[in-house]
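Enquirer: My structure is stored as data18.csv, with CSV, C-alpha atoms.
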chain,number,residue,atom,x,y,z
Y,851,MET,CA,-22.4,6.8,-1.0
Y,852,LEU,CA,-21.5,7.8,-4.5
Y,853,ASP,CA,-24.3,7.5,-7.0
Y,854,ILE,CA,-22.9,6.5,-10.4
Y,855,LYS,CA,-26.0,5.4,-12.3
Y,856,ASP,CA,-26.5,6.4,-15.9
Y,857,PHE,CA,-22.9,5.6,-16.9
Y,858,GLY,CA,-22.5,3.0,-19.6
Y,859,ASP,CA,-20.6,-0.3,-19.5
Y,860,GLY,CA,-18.7,0.1,-22.8
Y,861,GLU,CA,-19.5,-2.0,-25.9
Y,862,ILE,CA,-17.8,-4.5,-28.2
Y,863,ILE,CA,-18.1,-3.8,-31.9
Y,864,GLU,CA,-17.4,-6.5,-34.5
Y,865,SER,CA,-15.7,-5.2,-37.6
Y,866,LYS,CA,-14.8,-7.3,-40.7
Y,867,ILE,CA,-12.0,-4.9,-41.4
Y,868,VAL,CA,-10.2,-4.4,-38.0
Y,869,GLY,CA,-11.7,-7.2,-35.9
Y,870,THR,CA,-13.2,-7.0,-32.5
Y,871,VAL,CA,-13.1,-3.5,-30.9
Y,872,PHE,CA,-13.9,-2.2,-27.4
Y,873,LYS,CA,-15.5,1.2,-27.2
Y,874,LEU,CA,-15.9,3.3,-24.0
Y,875,SER,CA,-19.4,4.7,-23.4
Y,876,SER,CA,-19.8,8.4,-23.6
Y,877,TYR,CA,-22.1,9.9,-21.0
Y,878,ASN,CA,-25.3,11.0,-22.8
Y,879,LYS,CA,-25.2,14.5,-21.2
Y,880,ASN,CA,-21.6,15.3,-22.0
Y,881,PRO,CA,-20.0,17.8,-21.6
Y,882,ILE,CA,-20.2,17.8,-17.8
Y,883,LEU,CA,-18.3,21.1,-17.4
Y,884,THR,CA,-18.4,24.0,-19.8
Y,885,PRO,CA,-16.7,27.5,-19.7
Y,886,GLN,CA,-20.0,29.0,-18.4
Y,887,VAL,CA,-19.1,27.7,-14.9
Y,888,LEU,CA,-16.2,30.2,-14.9
Y,889,GLY,CA,-18.6,33.1,-15.0
Y,890,VAL,CA,-17.0,34.7,-18.0
Y,891,THR,CA,-19.5,36.7,-20.2
Y,892,GLN,CA,-17.1,38.1,-22.7
Y,893,GLY,CA,-14.0,36.7,-24.5
Y,894,ASN,CA,-12.7,33.2,-24.9
Y,895,ALA,CA,-12.8,30.7,-22.0
Y,896,SER,CA,-12.2,27.0,-21.6
Y,897,ILE,CA,-12.2,24.4,-18.9
Y,898,PHE,CA,-10.7,21.0,-19.8
Y,899,ASN,CA,-8.3,18.2,-19.0
Y,900,PRO,CA,-9.5,17.4,-15.5
Y,901,GLY,CA,-7.6,15.2,-13.1
Y,902,ALA,CA,-9.9,13.1,-11.0
Y,903,GLU,CA,-9.9,11.2,-7.7
Y,904,ILE,CA,-12.2,10.2,-4.8
Y,905,PHE,CA,-11.9,12.1,-1.5
Y,906,GLU,CA,-14.3,11.8,1.4
Y,907,ASP,CA,-16.9,10.0,-0.7
Y,908,LYS,CA,-16.9,12.7,-3.3
Y,909,ILE,CA,-15.4,12.8,-6.8
Y,910,ILE,CA,-12.9,15.6,-7.1
Y,911,LEU,CA,-12.1,17.2,-10.5
Y,912,ALA,CA,-9.1,19.5,-11.1
Y,913,PRO,CA,-9.4,20.9,-14.6
Y,914,ARG,CA,-7.2,23.6,-16.1
Y,915,CYS,CA,-9.0,26.9,-16.8
Y,916,HIS,CA,-8.3,29.7,-19.3
Y,917,THR,CA,-10.0,33.0,-19.8
Y,918,GLY,CA,-9.4,36.1,-22.0
Y,919,TYR,CA,-7.2,34.6,-24.7
Y,920,THR,CA,-7.2,34.9,-28.5
Y,921,LYS,CA,-6.9,32.3,-31.2
Y,922,ASN,CA,-4.5,32.4,-34.1
Y,923,ARG,CA,-3.1,30.0,-36.6
Y,924,PHE,CA,0.7,29.5,-36.8
Y,925,TYR,CA,3.3,27.3,-38.3
Y,926,ASP,CA,4.7,24.8,-35.8
Y,927,ASP,CA,8.4,24.4,-36.7
Y,928,PHE,CA,8.7,21.3,-34.6
Y,929,LEU,CA,5.7,19.4,-36.0
Y,930,LYS,CA,6.1,21.0,-39.5
Y,931,ILE,CA,2.4,21.8,-39.7
Y,932,GLU,CA,0.1,24.7,-39.5
Y,933,ARG,CA,-2.0,24.6,-36.3
Y,934,ILE,CA,-4.1,26.7,-34.0
Y,935,GLY,CA,-2.4,28.6,-31.2
Y,936,MET,CA,-3.5,30.8,-28.4
Y,937,GLU,CA,-2.2,34.2,-27.3
Y,938,ASN,CA,-2.4,35.3,-23.6
Y,939,TYR,CA,-3.1,31.7,-22.8
Y,940,LEU,CA,-2.5,31.6,-19.0
Y,941,SER,CA,-3.9,28.6,-17.2
Y,942,GLU,CA,-4.8,27.9,-13.6
Y,943,ILE,CA,-6.3,24.9,-11.9
Y,944,ARG,CA,-9.7,25.1,-10.2
Y,945,PHE,CA,-11.3,22.3,-8.1
Y,946,PHE,CA,-14.8,20.9,-8.3
Y,947,SER,CA,-16.6,18.1,-6.4
Y,948,SER,CA,-19.6,15.8,-7.0
Y,949,GLN,CA,-21.5,13.0,-5.5
Y,950,ASP,CA,-22.7,11.5,-8.7
Y,951,GLY,CA,-19.8,12.1,-11.1
Y,952,LYS,CA,-21.9,14.2,-13.4
Y,953,HIS,CA,-22.9,17.4,-11.6
Y,954,PHE,CA,-20.0,19.3,-10.2
Y,955,ASN,CA,-19.8,22.4,-7.9
Y,956,PRO,CA,-16.8,24.7,-7.2
Y,957,MET,CA,-14.8,23.5,-4.2
Y,958,ASN,CA,-13.8,25.9,-1.4
Y,959,ASN,CA,-12.7,28.6,-4.0
Y,960,LEU,CA,-9.5,26.5,-4.3
Y,961,VAL,CA,-7.2,27.6,-7.1
Y,962,LEU,CA,-3.7,26.8,-8.2
Y,963,LYS,CA,-2.2,29.9,-9.9
Y,964,GLY,CA,0.1,29.5,-12.8
Y,965,ASP,CA,1.1,33.2,-13.1
Y,966,GLY,CA,4.1,33.1,-10.8
Y,967,SER,CA,2.3,34.7,-7.9
Y,968,GLU,CA,2.4,31.6,-5.8
Y,969,GLN,CA,5.9,30.5,-6.7
Y,970,LYS,CA,8.7,31.6,-9.1
Y,971,ASP,CA,9.5,28.4,-11.0
Y,972,PHE,CA,7.1,29.1,-13.8
Y,973,CYS,CA,4.8,31.9,-14.8
Y,974,TYR,CA,3.1,30.9,-18.1
Y,975,GLY,CA,0.4,28.6,-16.6
Y,976,ILE,CA,-0.2,25.3,-14.8
Y,977,GLU,CA,-1.8,22.6,-16.8
Y,978,ASP,CA,-3.1,19.0,-16.8
Y,979,ILE,CA,-3.0,18.0,-13.2
Y,980,ARG,CA,-3.1,14.3,-12.4
Y,981,ILE,CA,-4.3,13.4,-8.9
Y,982,ILE,CA,-2.5,10.4,-7.5
Y,983,ARG,CA,-3.7,9.0,-4.1
Y,984,ALA,CA,-0.4,7.7,-2.8
Y,985,LYS,CA,-0.3,4.8,-0.3
Y,986,THR,CA,1.9,6.3,2.3
Y,987,PRO,CA,1.8,6.1,6.1
Y,988,GLU,CA,-0.2,9.3,6.1
Y,989,GLU,CA,-2.3,9.2,2.9
Y,990,ILE,CA,-1.3,12.0,0.6
Y,991,TYR,CA,-2.7,13.1,-2.7
Y,992,PHE,CA,0.0,14.2,-5.2
Y,993,LEU,CA,-1.1,16.8,-7.8
Y,994,ILE,CA,1.3,16.5,-10.7
Y,995,GLY,CA,1.0,18.8,-13.7
Y,996,CYS,CA,2.9,20.8,-16.2
Y,997,GLY,CA,4.3,24.2,-15.2
Y,998,LYS,CA,4.9,26.4,-18.3
Y,999,ILE,CA,8.3,28.2,-18.2
Y,1000,LYS,CA,7.6,29.8,-21.6
Y,1001,ARG,CA,4.6,30.7,-23.8
Y,1002,PRO,CA,2.3,27.8,-24.7
Y,1003,PHE,CA,2.2,26.8,-28.4
Y,1004,PHE,CA,4.9,29.3,-29.6
Y,1005,ASP,CA,8.0,28.5,-27.5
Y,1006,HIS,CA,9.8,25.2,-27.4
Y,1007,ASN,CA,11.3,23.5,-24.3
Y,1008,ALA,CA,8.5,25.2,-22.2
Y,1009,ASP,CA,7.2,22.3,-20.1
Y,1010,ARG,CA,8.3,21.2,-16.7
Y,1011,ILE,CA,6.8,18.7,-14.3
Y,1012,ALA,CA,5.3,20.6,-11.4
Y,1013,ILE,CA,4.6,18.8,-8.1
Y,1014,TYR,CA,2.1,19.6,-5.4
Y,1015,SER,CA,0.5,17.6,-2.6
Y,1016,THR,CA,-2.5,17.8,-0.3
Y,1017,LYS,CA,-4.1,15.8,2.5
Y,1018,ASP,CA,-7.4,17.6,2.7
Y,1019,PHE,CA,-8.0,19.5,-0.6
Y,1020,LYS,CA,-7.9,22.7,1.5
Y,1021,ASN,CA,-4.2,23.2,2.1
Y,1022,ILE,CA,-1.9,22.5,-0.9
Y,1023,THR,CA,1.9,22.4,-0.7
Y,1024,TYR,CA,4.0,23.2,-3.6
Y,1025,HIS,CA,7.2,21.0,-3.9
Y,1026,GLY,CA,8.9,22.4,-7.0
Y,1027,ILE,CA,9.5,21.5,-10.6
Y,1028,ILE,CA,11.8,19.0,-12.3
Y,1029,LYS,CA,14.1,21.4,-13.9
Y,1030,ASP,CA,16.2,19.2,-16.0
Y,1031,PHE,CA,14.1,18.3,-19.0
Y,1032,ASP,CA,11.0,19.2,-21.1
Y,1033,CYS,CA,8.0,17.1,-20.1
Y,1034,ARG,CA,4.3,17.7,-19.8
Y,1035,ASN,CA,2.9,14.3,-18.9
Y,1036,ALA,CA,4.1,12.4,-15.8
Y,1037,VAL,CA,2.2,9.7,-13.9
Y,1038,PRO,CA,3.7,7.9,-10.9
Y,1039,PHE,CA,2.3,4.6,-9.6
Y,1040,PRO,CA,0.2,5.1,-6.5
Y,1041,GLU,CA,2.2,2.6,-4.5
Y,1042,TYR,CA,5.4,0.7,-4.3
Y,1043,VAL,CA,5.7,-2.5,-6.4
Y,1044,ASN,CA,8.1,-4.9,-4.7
Y,1045,ASN,CA,9.6,-2.0,-2.8
Y,1046,LYS,CA,10.1,0.0,-6.0
Y,1047,LEU,CA,8.2,3.1,-7.2
Y,1048,TYR,CA,7.8,3.6,-10.9
Y,1049,MET,CA,6.7,6.6,-12.9
Y,1050,PHE,CA,5.6,7.1,-16.5
Y,1051,PHE,CA,6.9,10.1,-18.5
Y,1052,ARG,CA,6.2,11.4,-22.0
Y,1053,LEU,CA,9.6,12.4,-23.3
Y,1054,ARG,CA,8.6,13.5,-26.8
Y,1055,PRO,CA,7.4,11.5,-28.6
Y,1056,ASN,CA,7.4,8.3,-26.6
Y,1057,ILE,CA,6.2,6.9,-23.3
Y,1058,HIS,CA,8.9,6.0,-20.8
Y,1059,LEU,CA,8.7,4.0,-17.7
Y,1060,VAL,CA,11.4,4.5,-15.0
Y,1061,GLU,CA,12.1,3.6,-11.4
Y,1062,LEU,CA,12.3,6.5,-8.9
Y,1063,GLU,CA,15.4,5.6,-6.9
Y,1064,LYS,CA,14.3,7.6,-3.9
Y,1065,GLY,CA,10.6,6.7,-4.1
Y,1066,PHE,CA,8.0,9.2,-3.0
Y,1067,GLU,CA,10.7,11.3,-1.4
Y,1068,GLN,CA,12.0,12.1,-4.9
Y,1069,LEU,CA,8.6,13.7,-5.6
Y,1070,LEU,CA,8.4,15.5,-2.3
Y,1071,ASN,CA,11.8,17.1,-2.8
Y,1072,PRO,CA,12.5,17.3,-6.5
Y,1073,HIS,CA,15.2,19.9,-6.2
Y,1074,LYS,CA,17.2,17.8,-3.8
Y,1075,TYR,CA,17.5,15.0,-6.3
Y,1076,GLU,CA,18.3,17.0,-9.4
Y,1077,LYS,CA,21.2,14.6,-10.2
Y,1078,ILE,CA,18.9,11.6,-10.3
Y,1079,TRP,CA,16.4,13.4,-12.5
Y,1080,HIS,CA,19.3,14.4,-14.8
Y,1081,ASN,CA,20.4,10.7,-15.0
Y,1082,ILE,CA,16.8,9.7,-15.8
Y,1083,TYR,CA,16.8,12.0,-18.8
Y,1084,ASN,CA,20.3,11.0,-20.0
Y,1085,ASN,CA,19.2,7.4,-20.0
Y,1086,LYS,CA,16.0,7.9,-21.8
Y,1087,ASP,CA,17.0,5.7,-24.7
Y,1088,LYS,CA,16.9,2.7,-22.4
Y,1089,THR,CA,13.5,3.4,-20.8
Y,1090,VAL,CA,11.2,3.6,-23.8
Y,1091,PHE,CA,8.0,1.7,-22.9
Y,1092,ILE,CA,5.6,2.5,-25.8
Y,1093,LYS,CA,6.9,3.9,-29.0
Y,1094,THR,CA,5.2,6.4,-31.3
Y,1095,GLY,CA,4.5,5.3,-34.9
Y,1096,GLU,CA,3.5,1.7,-34.3
Y,1097,PHE,CA,0.1,2.6,-35.8
Y,1098,ALA,CA,-1.2,5.4,-38.0
Y,1099,TYR,CA,-3.2,6.8,-35.1
Y,1100,SER,CA,0.0,7.1,-33.0
Y,1101,SER,CA,2.2,8.5,-35.8
Y,1102,GLU,CA,3.0,11.8,-34.1
Y,1103,ARG,CA,3.2,11.0,-30.4
Y,1104,VAL,CA,2.0,8.9,-27.5
Y,1105,GLY,CA,1.7,9.8,-23.8
Y,1106,PRO,CA,0.5,8.6,-20.4
Y,1107,GLY,CA,-3.0,9.5,-19.5
Y,1108,PRO,CA,-4.7,9.2,-16.1
Y,1109,GLN,CA,-3.4,7.6,-12.9
Y,1110,LEU,CA,-3.1,3.8,-13.0
Y,1111,ILE,CA,-6.0,1.6,-11.9
Y,1112,LYS,CA,-5.1,-1.5,-9.9
Y,1113,THR,CA,-7.2,-4.5,-10.7
Y,1114,THR,CA,-7.0,-8.1,-9.6
Y,1115,LYS,CA,-5.6,-9.0,-13.0
Y,1116,GLY,CA,-3.1,-6.2,-13.5
Y,1117,TRP,CA,-2.4,-2.5,-13.6
Y,1118,LEU,CA,-4.7,-0.8,-16.1
Y,1119,PHE,CA,-2.7,1.8,-18.0
Y,1120,ILE,CA,-4.7,4.3,-20.1
Y,1121,TYR,CA,-2.7,6.4,-22.6
Y,1122,PHE,CA,-3.3,8.8,-25.5
Y,1123,SER,CA,-2.0,8.9,-29.1
Y,1124,VAL,CA,-1.9,11.5,-31.7
Y,1125,GLY,CA,-1.9,10.8,-35.4
Y,1126,GLU,CA,-4.1,9.9,-38.4
Y,1127,ILE,CA,-7.3,8.0,-37.5
Y,1128,ASN,CA,-8.2,6.2,-40.7
Y,1129,LYS,CA,-11.7,5.3,-42.0
Y,1130,ASP,CA,-11.4,1.7,-40.8
Y,1131,ILE,CA,-11.6,3.1,-37.3
Y,1132,THR,CA,-13.7,6.3,-37.7
Y,1133,HIS,CA,-16.6,4.3,-39.4
Y,1134,LEU,CA,-17.1,2.4,-36.1
Y,1135,TYR,CA,-18.1,5.8,-34.6
Y,1136,SER,CA,-20.4,6.6,-37.5
Y,1137,LEU,CA,-18.0,9.1,-39.1
Y,1138,SER,CA,-17.7,9.2,-42.8
Y,1139,LYS,CA,-14.2,10.5,-43.1
Y,1140,GLU,CA,-10.8,9.8,-41.6
Y,1141,ILE,CA,-9.3,12.2,-39.1
Y,1142,GLU,CA,-6.0,13.6,-40.5
Y,1143,ARG,CA,-4.7,14.5,-37.0
Y,1144,GLY,CA,-6.5,13.5,-33.9
Y,1145,TYR,CA,-6.2,12.3,-30.3
Y,1146,SER,CA,-7.4,8.9,-29.3
Y,1147,ILE,CA,-7.4,6.7,-26.2
Y,1148,SER,CA,-5.8,3.3,-25.8
Y,1149,CYS,CA,-5.0,1.0,-22.9
Y,1150,ALA,CA,-2.7,-1.7,-21.8
Y,1151,LEU,CA,-2.7,-4.2,-18.8
Y,1152,LEU,CA,0.6,-4.5,-16.9
Y,1153,ASP,CA,1.8,-7.2,-14.6
Y,1154,LEU,CA,1.1,-6.5,-10.9
Y,1155,GLU,CA,4.5,-7.5,-9.8
Y,1156,ASN,CA,6.5,-6.3,-12.9
Y,1157,PRO,CA,4.9,-3.3,-14.6
Y,1158,PHE,CA,7.5,-3.5,-17.4
Y,1159,LYS,CA,5.7,-6.6,-18.5
Y,1160,ILE,CA,2.7,-5.9,-20.8
Y,1161,LEU,CA,0.1,-8.6,-20.4
Y,1162,SER,CA,-2.2,-7.2,-23.1
Y,1163,ARG,CA,-2.6,-4.0,-25.1
Y,1164,THR,CA,-5.2,-2.7,-27.5
Y,1165,LYS,CA,-4.3,-2.3,-31.2
Y,1166,ILE,CA,-7.4,-0.3,-32.0
Y,1167,PRO,CA,-8.2,2.7,-29.7
Y,1168,ILE,CA,-11.0,2.3,-27.2
Y,1169,TYR,CA,-12.2,5.8,-28.0
Y,1170,VAL,CA,-11.8,8.4,-30.7
Y,1171,PRO,CA,-13.3,11.9,-31.2
Y,1172,SER,CA,-16.8,11.4,-32.4
Y,1173,HIS,CA,-19.1,14.2,-31.0
Y,1174,ASP,CA,-19.3,17.8,-32.0
Y,1175,TYR,CA,-17.6,19.0,-28.9
Y,1176,GLU,CA,-14.7,16.6,-29.6
Y,1177,LEU,CA,-14.5,17.1,-33.4
Y,1178,PHE,CA,-14.9,20.5,-35.2
Y,1179,GLY,CA,-17.4,22.1,-32.9
Y,1180,SER,CA,-21.0,23.4,-33.4
Y,1181,GLU,CA,-23.0,26.6,-32.7
Y,1182,GLN,CA,-23.8,25.1,-29.2
Y,1183,TYR,CA,-20.4,23.7,-28.6
Y,1184,PRO,CA,-17.6,25.6,-30.3
Y,1185,VAL,CA,-14.1,24.1,-29.8
Y,1186,ASP,CA,-10.7,25.6,-29.6
Y,1187,VAL,CA,-8.7,22.7,-31.0
Y,1188,PRO,CA,-10.5,20.1,-33.2
Y,1189,TYR,CA,-10.3,16.3,-32.9
Y,1190,VAL,CA,-9.2,16.2,-29.3
Y,1191,VAL,CA,-10.2,13.8,-26.5
Y,1192,PHE,CA,-7.6,13.7,-23.8
Y,1193,PRO,CA,-7.8,11.3,-20.8
Y,1194,ILE,CA,-6.4,12.6,-17.6
Y,1195,GLY,CA,-8.4,11.4,-14.6
Y,1196,ALA,CA,-9.7,7.8,-13.9
Y,1197,ILE,CA,-11.5,6.3,-11.0
Y,1198,GLN,CA,-13.0,2.9,-10.3
Y,1199,ILE,CA,-16.2,2.7,-8.2
Y,1200,ASN,CA,-17.3,-0.9,-7.7
Y,1201,ASN,CA,-17.0,-2.4,-11.2
Y,1202,LYS,CA,-17.5,0.9,-13.0
Y,1203,LEU,CA,-14.5,2.8,-14.5
Y,1204,LEU,CA,-15.0,6.5,-15.1
Y,1205,VAL,CA,-12.5,8.3,-17.3
Y,1206,TYR,CA,-12.5,12.1,-17.2
Y,1207,CYS,CA,-11.2,13.8,-20.3
Y,1208,GLY,CA,-10.8,17.1,-22.0
Y,1209,ALA,CA,-12.7,17.6,-25.3
Y,1210,GLY,CA,-11.8,20.1,-28.0
Y,1211,ASP,CA,-9.5,21.8,-25.5
Y,1212,LYS,CA,-12.7,23.4,-24.3
Y,1213,TYR,CA,-14.8,21.1,-22.2
Y,1214,CYS,CA,-14.8,18.3,-19.6
Y,1215,ILE,CA,-16.4,15.0,-20.5
Y,1216,VAL,CA,-16.7,11.6,-18.9
Y,1217,LEU,CA,-16.4,8.1,-20.5
Y,1218,SER,CA,-17.1,4.8,-18.8
Y,1219,CYS,CA,-17.2,1.1,-18.9
Y,1220,ASP,CA,-17.5,-2.0,-16.7
Y,1221,VAL,CA,-14.0,-2.8,-15.7
Y,1222,ASN,CA,-14.6,-6.5,-16.1
Y,1223,ASN,CA,-15.9,-6.1,-19.6
Y,1224,LEU,CA,-12.7,-4.2,-20.5
Y,1225,LEU,CA,-10.4,-6.8,-18.8
Y,1226,ASP,CA,-12.2,-9.7,-20.5
Y,1227,TYR,CA,-11.7,-7.9,-23.9
Y,1228,LEU,CA,-8.0,-7.3,-23.2
Y,1229,PHE,CA,-7.4,-10.9,-22.3
Y,1230,LYS,CA,-9.5,-12.4,-25.1
Y,1231,TYR,CA,-8.5,-10.2,-28.0
Y,1232,CYS,CA,-5.3,-8.3,-27.0
Y,1233,SER,CA,-3.0,-10.6,-25.1
Y,1234,LYS,CA,0.7,-10.3,-25.9
Output the file's structure as structure tokens, nothing else.

Expert:
Amino acid sequence: MLDIKDFGDGEIIESKIVGTVFKLSSYNKNPILTPQVLGVTQGNASIFNPGAEIFEDKIILAPRCHTGYTKNRFYDDFLKIERIGMENYLSEIRFFSSQDGKHFNPMNNLVLKGDGSEQKDFCYGIEDIRIIRAKTPEEIYFLIGCGKIKRPFFDHNADRIAIYSTKDFKNITYHGIIKDFDCRNAVPFPEYVNNKLYMFFRLRPNIHLVELEKGFEQLLNPHKYEKIWHNIYNNKDKTVFIKTGEFAYSSERVGPGPQLIKTTKGWLFIYFSVGEINKDITHLYSLSKEIERGYSISCALLDLENPFKILSRTKIPIYVPSHDYELFGSEQYPVDVPYVVFPIGAIQINNKLLVYCGAGDKYCIVLSCDVNNLLDYLFKYCSK
């Protein structure tokens, strides 16, 4: 039996400026995984953006891990800003397990390599795995991440959806990449909805929702269905689900976060935004200044029978960077990229929702709430 005590239920904050806001609780002993677990004594290291799921009554985390890289500043021609970049930034995925959601141990020396030694589709790293427990005749766990075909940070058109699966978290099968288009965030539904399987994509800079014509088979054999993937990309203007720029905090981009959570009232869809987080929001987190460019977490509730229908959606993020390891770092917790909290794994145990995130592109943290508290807030204050 999983022991998940000590996780908060979330809180509601009343603001005269922005109204009623829901805030996820941050575990008081975050971060839960730091680079020290990688056993690196010299040079830069990081462990962050962990996919999460339950397997055999344990919580599995699959964070991306980097070692031996160097940090530089560079001018991003696409974003038109100066930003931090990493040289020799080659990622791999390592697996950890826990019975309480807080203390994690390495799992079976299980590693997904991103250097091209296990497959030849990409060789510049494997990042940001989502773990999707698919409801198939033989239960299968999809591991869907980003295979880098070019250098991170410095080369454009470098991201491809990479698809793996496992039934036991001992043997992992690689299925291939979706070659046709640049995409680093993809989240399929865990089951068919009225005999249709849907999948979220981030096709820069928006969130798209599409139907997978061949269902789970399309994920198991991505190369076989290249024409269908090609058509998905060509029709992207018709599949925009959430647009960037609706709010200041999403002025740069939005993207799907963890796997969807099925509740009795709808599909809970958690997503991230990048943009300016103004003082009206940051003051709710006891911050004195705005965040000029930061990541934040939002959510929407989708109809169980028709996920294109948004029942409710937050207008104010349910979490923004607010601790040293999420903001600009400290002597104890230096960060690689400031103002980042990135949701990538979510699980529900009884009424408790645990959201596993990367922080500062350096650490793994966990946020939480009572699902019913969040649903009540969504219906009361955020209904469409």

Enquirer: Which distance in Å separates atom CA of Y:His916 and atom CA of Y:Lys930, to one decimal?

Expert: 26.3 Å

Enquirer: Using all atoms listed in the file, which protein or nucleic acid residues come within 7 Å of Y:Leu1047? Drop anything in the same chain fewer than 4 positions from it, and give the result as a list in words.

Expert: Phe1039, Glu1041, Tyr1042, Val1043, Glu1061, Leu1062 and Gly1065 of chain Y

Enquirer: As an exercise, work out the distance from atom CA of Y:Ser1172 to atom CA of Y:Ser896 in Å and give it to one decimal place.

Expert: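 It comes out at 19.5 Å.
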
Enquirer: With distances taken over all atoms listed in the file, which of Y:Asp1174, Y:Glu988, Y:Asp927, Y:Glu1155 is nearest to Y:Phe1003?

Expert: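 Selected residue with least distance to Y:Phe1003: Y:Asp927.
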
Enquirer: Just the residues within 6 Å of stretch 1016-1033 of chain Y, please, counting only C-alpha atoms, with nothing from its chain fewer than 3 positions along; format it as a list in words.

Expert: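 So the residues in contact are Ile990, Tyr991, Asn1007, Asp1009, Arg1010, Ile1011, Ala1012, Ile1013, Leu1053, Leu1070 and His1080 of chain Y.
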
Enquirer: Write out as a VMD selection string which residues come within 10 Å of Y:Trp1117 when counting all atoms listed in the file, dropping same-chain ones fewer than 4 positions away.

Expert: chain Y and resid 1039 1110 to 1113 1150 to 1157 1160 to 1161

Enquirer: Generate the output file for the selected residues, C-alpha atoms, as a PDB file, keeping the file's coordinate frame.

Expert:
ATOM      1  CA  PHE Y1039       2.300   4.600  -9.600  1.00  0.00           C
ATOM      2  CA  LEU Y1110      -3.100   3.800 -13.000  1.00  0.00           C
ATOM      3  CA  ILE Y1111      -6.000   1.600 -11.900  1.00  0.00           C
ATOM      4  CA  LYS Y1112      -5.100  -1.500  -9.900  1.00  0.00           C
ATOM      5  CA  THR Y1113      -7.200  -4.500 -10.700  1.00  0.00           C
ATOM      6  CA  ALA Y1150      -2.700  -1.700 -21.800  1.00  0.00           C
ATOM      7  CA  LEU Y1151      -2.700  -4.200 -18.800  1.00  0.00           C
ATOM      8  CA  LEU Y1152       0.600  -4.500 -16.900  1.00  0.00           C
ATOM      9  CA  ASP Y1153       1.800  -7.200 -14.600  1.00  0.00           C
ATOM     10  CA  LEU Y1154       1.100  -6.500 -10.900  1.00  0.00           C
ATOM     11  CA  GLU Y1155       4.500  -7.500  -9.800  1.00  0.00           C
ATOM     12  CA  ASN Y1156       6.500  -6.300 -12.900  1.00  0.00           C
ATOM     13  CA  PRO Y1157       4.900  -3.300 -14.600  1.00  0.00           C
ATOM     14  CA  ILE Y1160       2.700  -5.900 -20.800  1.00  0.00           C
ATOM     15  CA  LEU Y1161       0.100  -8.600 -20.400  1.00  0.00           C
TER      16      LEU Y1161
END

Enquirer: Just checking: using all atoms listed in the file, which residue out of Y:Gly860, Y:Gly1116, Y:Pro1188, Y:Pro1040 ends up closest to Y:Ile1141?

Expert: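 For Y:Ile1141, the nearest of the given residues is Y:Pro1188.
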
Enquirer: In file coordinates, which residues lie within 10 Å of (-9.1, -0.3, -31.0) using all atoms listed in the file, given as a list in words?

Expert: Ile863, Val868, Gly869, Thr870, Val871, Phe872, Lys873, Ile1131, Leu1134, Ser1146, Ile1147, Ser1148, Cys1149, Arg1163, Thr1164, Lys1165, Ile1166, Pro1167, Ile1168, Tyr1169, Val1170 and Cys1232 of chain Y

Enquirer: Please, could you write that set of residues out with C-alpha atoms as a PDB file, in the frame of the given file?

Expert:
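So the final result, stored in result_29.pdb, reads:
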ATOM      1  CA  ILE Y 863     -18.100  -3.800 -31.900  1.00  0.00           C
ATOM      2  CA  VAL Y 868     -10.200  -4.400 -38.000  1.00  0.00           C
ATOM      3  CA  GLY Y 869     -11.700  -7.200 -35.900  1.00  0.00           C
ATOM      4  CA  THR Y 870     -13.200  -7.000 -32.500  1.00  0.00           C
ATOM      5  CA  VAL Y 871     -13.100  -3.500 -30.900  1.00  0.00           C
ATOM      6  CA  PHE Y 872     -13.900  -2.200 -27.400  1.00  0.00           C
ATOM      7  CA  LYS Y 873     -15.500   1.200 -27.200  1.00  0.00           C
ATOM      8  CA  ILE Y1131     -11.600   3.100 -37.300  1.00  0.00           C
ATOM      9  CA  LEU Y1134     -17.100   2.400 -36.100  1.00  0.00           C
ATOM     10  CA  SER Y1146      -7.400   8.900 -29.300  1.00  0.00           C
ATOM     11  CA  ILE Y1147      -7.400   6.700 -26.200  1.00  0.00           C
ATOM     12  CA  SER Y1148      -5.800   3.300 -25.800  1.00  0.00           C
ATOM     13  CA  CYS Y1149      -5.000   1.000 -22.900  1.00  0.00           C
ATOM     14  CA  ARG Y1163      -2.600  -4.000 -25.100  1.00  0.00           C
ATOM     15  CA  THR Y1164      -5.200  -2.700 -27.500  1.00  0.00           C
ATOM     16  CA  LYS Y1165      -4.300  -2.300 -31.200  1.00  0.00           C
ATOM     17  CA  ILE Y1166      -7.400  -0.300 -32.000  1.00  0.00           C
ATOM     18  CA  PRO Y1167      -8.200   2.700 -29.700  1.00  0.00           C
ATOM     19  CA  ILE Y1168     -11.000   2.300 -27.200  1.00  0.00           C
ATOM     20  CA  TYR Y1169     -12.200   5.800 -28.000  1.00  0.00           C
ATOM     21  CA  VAL Y1170     -11.800   8.400 -30.700  1.00  0.00           C
ATOM     22  CA  CYS Y1232      -5.300  -8.300 -27.000  1.00  0.00           C
TER      23      CYS Y1232
END

Enquirer: So, counting all atoms listed in the file, which residue among Y:Phe1066, Y:Phe1091, Y:Phe1229, Y:Phe1119 is closest to Y:Pro987?

Expert: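 Using all atoms listed in the file, the shortest distance to Y:Pro987 belongs to Y:Phe1066.
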
Enquirer: What does the structure give for the distance between atom CA of Y:Gly1210 and atom CA of Y:Lys998, in Å to one decimal?

Expert: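 These atoms are spaced 20.3 Å apart.
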
Enquirer: Hey, what's within 6 Å of stretch 933-949 of chain Y if we count all atoms listed in the file and toss same-chain stuff fewer than 5 positions away? As a list in words, please?

Expert: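 The neighbour list is Leu852, Lys908, Ile909, Ile910, Leu911, Ala912, Pro913, Arg914, Cys915, His916, Tyr919, Thr920, Lys921, Asn922, Arg923, Phe924, Phe954, Asn955, Pro956, Met957, Leu960, Val961, Leu962, Lys963, Gly964, Tyr974, Gly975, Ile976 and Phe1003 of chain Y.
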